[in-house]
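All remarks here apply to the structure that follows.
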Amino acid sequence: MEHKMYLTFGVNIPNTSSGQIKLFRVLNAPFDASVDSRKTVKERQSISEYLIPEDRLIYHDNFIVNKTIPSIDVLTRHLRDNYELHLDIYSKKAERKELYQFFYDKNILPLNLSQEAHLTAFAKVLQAFSKANTLDTDKDISLKNFLFENKKAEIEDNYKQNKKNLDDYVARYKNLSLLIETLKGKRAFLEDLETLTKAYISSEKEYFQYKYHQQKQEFDIQCKEWDDIAKREKKLKTDISKQKKALPDLETKAHNAINKFKIYSTALSNLNTYKNNHQAFEAKTKTYAALRALKIPKGLDQQSKQFDFTNSSPDAVIEKVNHLLPLLKTYSSVDKIEQQYQSQVASLNTLKQKLQDDKVNTEKLIDILSLDNDKSFASKVLKDNKSISLGQETVLREFLLDTHWEFPENVLDSVMYTENINILDNNNIKKDDGNGGYWFTMGGIHRFIKALSSERLFENSEELSKALALKKETLNTQVNVIKETLRQITSLEQGKTEALEYLDFDFKWDMTIPDQRQVNEYRKTLEMIQSLDTLKESVKSELTADKDALEVLSETIPFNFSTKNLADELEKCNEEQDTLNQAQLKANSKHQEAKTLIKTLSEQLEAINFKPEEVEAEKHKLQSNLTKEKKFITDKYPELKNVLDKWKTNEDKGYQEVYALAKIAYEQKYDAALTIYKELNDDIEIKDKKQHQYEFKLLEKKLLGNNIGTTKNIESALSSFYTNRNKLAKTIIDSMLSIFSKTQDEYDNYKRVVTNLNTFFKGELISKKYYFQIVFDPSKMFNVNWINDLSSKAQAAGLFNSDNVEEFVEESFKEISGYSDTINFSDLLDPKTYFTLKTEFKDDDGKEYPGSTGESYTARVLLGIGRLSITSKNIREGLKFLILEEVSNLDDDNFNTFPEIAKKYGYQIITMTPEPFGSNSDNGWYLHQLIEGKKDKNRNYPIPNSSFKTNYKNEQLLGYLKRMNQK
């Protein structure tokens, strides 16, 4: 700002509550925001041309025109014409953002209020010290609302967008679970039933044969076992001795092979990384060469703005540039490309309008010709084949076209008929040039009819005859051709270029400029071309860094390799690694096998307790018992004598009673199917024993259906169901974690804000002895880390036995956290649920102090300044101020801390009190006292009583300022 030069800003407050509050600005010169936005940051900071000299400042009476408050338009012209000042009004939100940007660019305000976060922070700080008093530093909810944005609704909306899919997934998951359990039950039932079918195939003879066979087999096995034990004891002793001698050499070989494999594997891993990085380096080198090879034409318009290539890959840039260059060669500039696009669109619209007009006229002619054989009045006129006047043709085509000749067969509402051909007489028709039409008289009624907009058909009898001679098929063909042409034009407008094969334009149509979006894309590509040097330098720097990294990596590989064909090198190295791996596995395996074998053989040897004398006595006893058992069987069943020693058995079962019991058990199980599986109750084949004859395959097919068919196919069907259910479970879990990750992110963000504020408060003393800080206290009952356990909880719980996702999440939270009271799902989504905020005062010893009213208010001021300070990352110049209301309950000492705070942080503090409170300081205060109006006590005098007051005197502000300027 310059001395005695000013800017004027203000607020227009309506006199009714329904009126809209407007912001306004008065400048010395017109301001164009769009032009200013194209300037550099330093250029935008210039404000000299907009400053108003002191002698041209406007006051309240300058806003009065002819003793009234004028409209905005009148006031704007009044200030421009009479004071050469420029008034701008800002009513809507978007317009106000333009004013806020002006404040920021011109360093009037340090915060950019056009950004929603800055505006919200600024508004909250002002509200916190207004009469509304929205900030209570002793209340958790007040602190949260002051410091943080409310993200709960945003997170809930995100959940609601996914809720329908989640509920559907849970329902499908439950259906699959029910199907799996049902199929598992059927499998168990059928497997049991199949086992029972084989139960009644034995007989009493089989039981005796089985009993003798088992006894004889046990005797033979026991004899062989005794012989084998003696041989094994001897062999074990020999094998143990042999293995112990070879063990030290095997251990050395295994250790050497493992170390060699580890060293080589580490080198091979580095080589594989080198190959990948080298391939990326070569690809980037090609891209850089392609960038340098681009042939950019000279004479392109230059722009100062650099294109941001952050989201554009170099290959994509090359592709877009190569696509644009031929067009620039053809049209020389993007503006001319856009001109071509506008030209071809205009020509196409003209053609469409002409085709539509032709279609309407042709269809009208078809309608007229179609009257030839009907019972209408128009048909009667056509058949007379006479010329009629323009007025008569107008009335006929525009009004009497639907009139019947003679009494109609079907009488409907508004139908008309006539039996007099002379109603179309010229005497009944009067031309009205002034209104562009004709008056038609029917009895005493006169009707106005607009003149025809199409060509005449009944001008003379010869032309009428020609019209009647035309075939409607020809006219319909013309209409169809026009319709098809219009359809192809529509396809072309939708981007379908194949329509050009049908269309024959008499103007140029460039397929490479299909729409305005492509023109905008060409402009963006032109910005890329103008910033190519920046992109080349960026890629070149990356190549240098990549090359250095490759050289560092190559030094970690202990063997020589060629970069010409790294894939072959890796294949050879992999083969060598496989060889070394097999060698170390083999060596280690041999060593371990030897150790295990020695241990096993030693245990086996220890377990043998062989006594030859006792064995021989037991063998004689068993042989005698076997002879007695054989004699008993052959005496009772002589027919078994020749087959007894040859009989073989497959399994151990009670042959004596198994036959009768197995048959009864099988049939009972079969009949139970009707009770267990209700779907069989209406099946005639299963209910009628004479039909099914207890056939297993029939019941199996009825229970499993055609898709599964047999019991052996159940496992593959279950596997498919399990796979689908697991996929659903993963989808549900991933969706829930994705939703709650937003809660965690906002929680972490809130925590960072508190940390930044405490960093800002660090070292600041209130009342010269207390430190102020905000305590971010994570809730013990609502620990946000429970979200990390949600996935494992879902899997361990069998997933979603609850009726819906909300209930499952709420129950999971209670189980994970141990919380027993009711908790709403929406509260779990809210990041503010998981912590509390409080403020505290502490002395140097860390002792907490409650803080007086003045100290608490001072802390609020610090909190407000801190809130604004961390809002913007950039430190900017500009006016920093706080408006403090409701401070009349403070004493002088506490009130006088505000000038110190203001001075330290560069803020202006403005207070509003019923009396000049706190103005008795030595440094002095600027006081502006409102004066009650004499005529209307509810309307203050327009000029306040302004003074500069110190502890010693009170001096009028104007005199004080003049005196200070003379020093």
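In the structure tokens, each chain is lettered A, B, ... as it comes, each chain's residues begin at 1, and ligands are numbered from 1 in order of appearance.
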
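Those residues in segment 242-486 of chain A carrying a DSSP assignment of strand (DSSP E), computed from the backbone, are His404, Trp405, Tyr417, Thr418, Ile429, Lys430, Lys431, Asp432, Gly437, Tyr438, Trp439, Phe440, Thr441, Met442, Ile445, His446, Arg447, Phe448, Ile449 and Lys450 of chain A.
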
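Using only C-alpha atoms, the protein and nucleic acid residues lying no more than 12 Å from Gly846 of chain A, apart from those fewer than 2 places from it along its own chain, are A:Lys769, A:Tyr770, A:Tyr771, A:Phe772, A:Gln773, A:Glu840, A:Phe841, A:Lys842, A:Asp843, A:Asp844, A:Glu848, A:Tyr849.
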
Q: Using DSSP on the backbone coordinates, identify the residues of segment 523-578 of chain A assigned to alpha helix (DSSP H); present them as a PyMOL selection string.
A: chain A and resi 523-530+532-554+566-578

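The smallest atom-to-atom distance between Thr182 of chain A and any of A:Tyr169, A:Tyr677, A:Phe507, A:Tyr288, using only C-alpha atoms, is found for A:Tyr677.
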
Q.
Excluding Glu679 of chain A and its own-chain neighbours fewer than 3 positions away, which residues fall within 12 Å of it when counting only C-alpha atoms? Please give them as an MDAnalysis selection string.
A. chainID A and resid 673:676 682:684 686:687 699 702:705

Produce a file of the selected residues containing N, CA, C and O atoms, as an mmCIF file, in the first residue's frame.
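Result went into out31.cif, see below:
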```cif
data_model
loop_
_atom_site.group_PDB
_atom_site.id
_atom_site.type_symbol
_atom_site.label_atom_id
_atom_site.label_comp_id
_atom_site.auth_asym_id
_atom_site.auth_seq_id
_atom_site.Cartn_x
_atom_site.Cartn_y
_atom_site.Cartn_z
ATOM 1 N N ALA A 673 -35.153 -92.100 4.824
ATOM 2 C CA ALA A 673 -34.956 -90.990 3.875
ATOM 3 C C ALA A 673 -36.225 -90.165 3.716
ATOM 4 O O ALA A 673 -36.185 -88.945 3.530
ATOM 5 N N LEU A 674 -37.411 -90.825 3.774
ATOM 6 C CA LEU A 674 -38.672 -90.098 3.617
ATOM 7 C C LEU A 674 -38.913 -89.135 4.789
ATOM 8 O O LEU A 674 -39.527 -88.089 4.625
ATOM 9 N N THR A 675 -38.435 -89.511 5.965
ATOM 10 C CA THR A 675 -38.603 -88.649 7.142
ATOM 11 C C THR A 675 -37.593 -87.503 7.155
ATOM 12 O O THR A 675 -37.917 -86.358 7.475
ATOM 13 N N ILE A 676 -36.339 -87.826 6.771
ATOM 14 C CA ILE A 676 -35.260 -86.822 6.821
ATOM 15 C C ILE A 676 -35.397 -85.798 5.701
ATOM 16 O O ILE A 676 -35.245 -84.590 5.923
ATOM 17 N N ASP A 682 -43.413 -86.589 -1.946
ATOM 18 C CA ASP A 682 -44.324 -86.638 -3.091
ATOM 19 C C ASP A 682 -43.792 -87.504 -4.220
ATOM 20 O O ASP A 682 -44.364 -87.530 -5.318
ATOM 21 N N ASP A 683 -42.687 -88.212 -3.998
ATOM 22 C CA ASP A 683 -42.093 -89.055 -5.042
ATOM 23 C C ASP A 683 -42.674 -90.472 -4.937
ATOM 24 O O ASP A 683 -42.438 -91.204 -3.967
ATOM 25 N N ILE A 684 -43.440 -90.852 -5.947
ATOM 26 C CA ILE A 684 -44.142 -92.147 -5.924
ATOM 27 C C ILE A 684 -43.156 -93.304 -5.921
ATOM 28 O O ILE A 684 -43.339 -94.304 -5.214
ATOM 29 N N ILE A 686 -40.163 -93.551 -4.650
ATOM 30 C CA ILE A 686 -39.498 -93.748 -3.366
ATOM 31 C C ILE A 686 -40.487 -94.238 -2.310
ATOM 32 O O ILE A 686 -40.149 -95.057 -1.445
ATOM 33 N N LYS A 687 -41.736 -93.784 -2.368
ATOM 34 C CA LYS A 687 -42.719 -94.171 -1.359
ATOM 35 C C LYS A 687 -43.195 -95.614 -1.540
ATOM 36 O O LYS A 687 -43.523 -96.294 -0.574
ATOM 37 N N LEU A 699 -32.439 -94.019 -5.130
ATOM 38 C CA LEU A 699 -32.516 -93.021 -4.057
ATOM 39 C C LEU A 699 -31.390 -91.994 -4.174
ATOM 40 O O LEU A 699 -31.585 -90.797 -3.931
ATOM 41 N N LYS A 702 -32.360 -89.434 -6.762
ATOM 42 C CA LYS A 702 -33.454 -88.572 -6.315
ATOM 43 C C LYS A 702 -32.942 -87.492 -5.365
ATOM 44 O O LYS A 702 -33.393 -86.348 -5.392
ATOM 45 N N LEU A 703 -32.003 -87.864 -4.485
ATOM 46 C CA LEU A 703 -31.489 -86.903 -3.498
ATOM 47 C C LEU A 703 -30.522 -85.884 -4.099
ATOM 48 O O LEU A 703 -30.503 -84.724 -3.702
ATOM 49 N N LEU A 704 -29.707 -86.313 -5.057
ATOM 50 C CA LEU A 704 -28.650 -85.446 -5.584
ATOM 51 C C LEU A 704 -29.039 -84.718 -6.862
ATOM 52 O O LEU A 704 -28.424 -83.708 -7.209
ATOM 53 N N GLY A 705 -30.035 -85.223 -7.584
ATOM 54 C CA GLY A 705 -30.420 -84.573 -8.824
ATOM 55 C C GLY A 705 -29.481 -84.905 -9.966
ATOM 56 O O GLY A 705 -28.450 -85.565 -9.799
#
```

Q: Go through A:Asn749, A:Gln488, A:Ser48, A:Ser269 and flag the residue nearest His3 of chain A, using only C-alpha atoms for the distances.
A: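 Once distances to His3 of chain A are computed over only C-alpha atoms, the minimum belongs to A:Ser48.
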
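Of the listed residues (A:Ala117, A:Leu412, A:Leu492, A:Val479), A:Leu492 comes nearest to Leu348 of chain A; the distances count only C-alpha atoms.
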
So which residues touch Lys260 of chain A within 9 Å, counting only C-alpha atoms, skipping near sequence neighbours fewer than 4 positions away, as a compact mmCIF listing (two decimals) with C-alpha atoms, in the first residue's frame?
```
# COMPACT_ATOMS: atom_id res chain seq x y z
CA HIS A 255 27.60 -77.44 5.35
CA ASN A 256 29.83 -76.57 2.35
CA TYR A 264 25.22 -67.71 -5.34
CA SER A 265 21.46 -67.10 -4.69
CA LEU A 580 23.75 -75.90 -6.54
CA GLN A 584 22.90 -78.71 -1.18
```

Q. What's the 8 Å shell around segment 626-643 of chain A, counting only C-alpha atoms, without same-chain residues fewer than 3 positions away, as a VMD selection string?
A. chain A and resid 208 212 215 to 216 622 to 623 646 to 647

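Of note, atom CA of Ile909 of chain A and atom CA of Leu126 of chain A are spaced 11.6 Å apart.
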
Q.
List as a VMD selection string the protein and nucleic acid residues near segment 514-528 of chain A, meaning an atom at most 12 Å away when only C-alpha atoms are counted, but skip any in the same chain fewer than 6 places from it.
A. chain A and resid 291 296 to 297 300 to 310 312 to 314 316 to 328 332 to 345 491 to 497 534 to 536

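Atom to atom, atom CA of Ala587 of chain A and atom CA of Ala254 of chain A stand 4.5 Å apart.
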
(Q) What's the separation between atom CA of Tyr960 of chain A and atom CA of Phe948 of chain A, in Å to one decimal place? (A)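 Pair atom CA of Tyr960 of chain A / atom CA of Phe948 of chain A returns 6.9 Å.
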
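Among A:Lys547, A:Lys937, A:Arg25, A:Lys678, the residue with the shortest atom-to-atom distance to Tyr90 of chain A, counting only C-alpha atoms, is A:Arg25.
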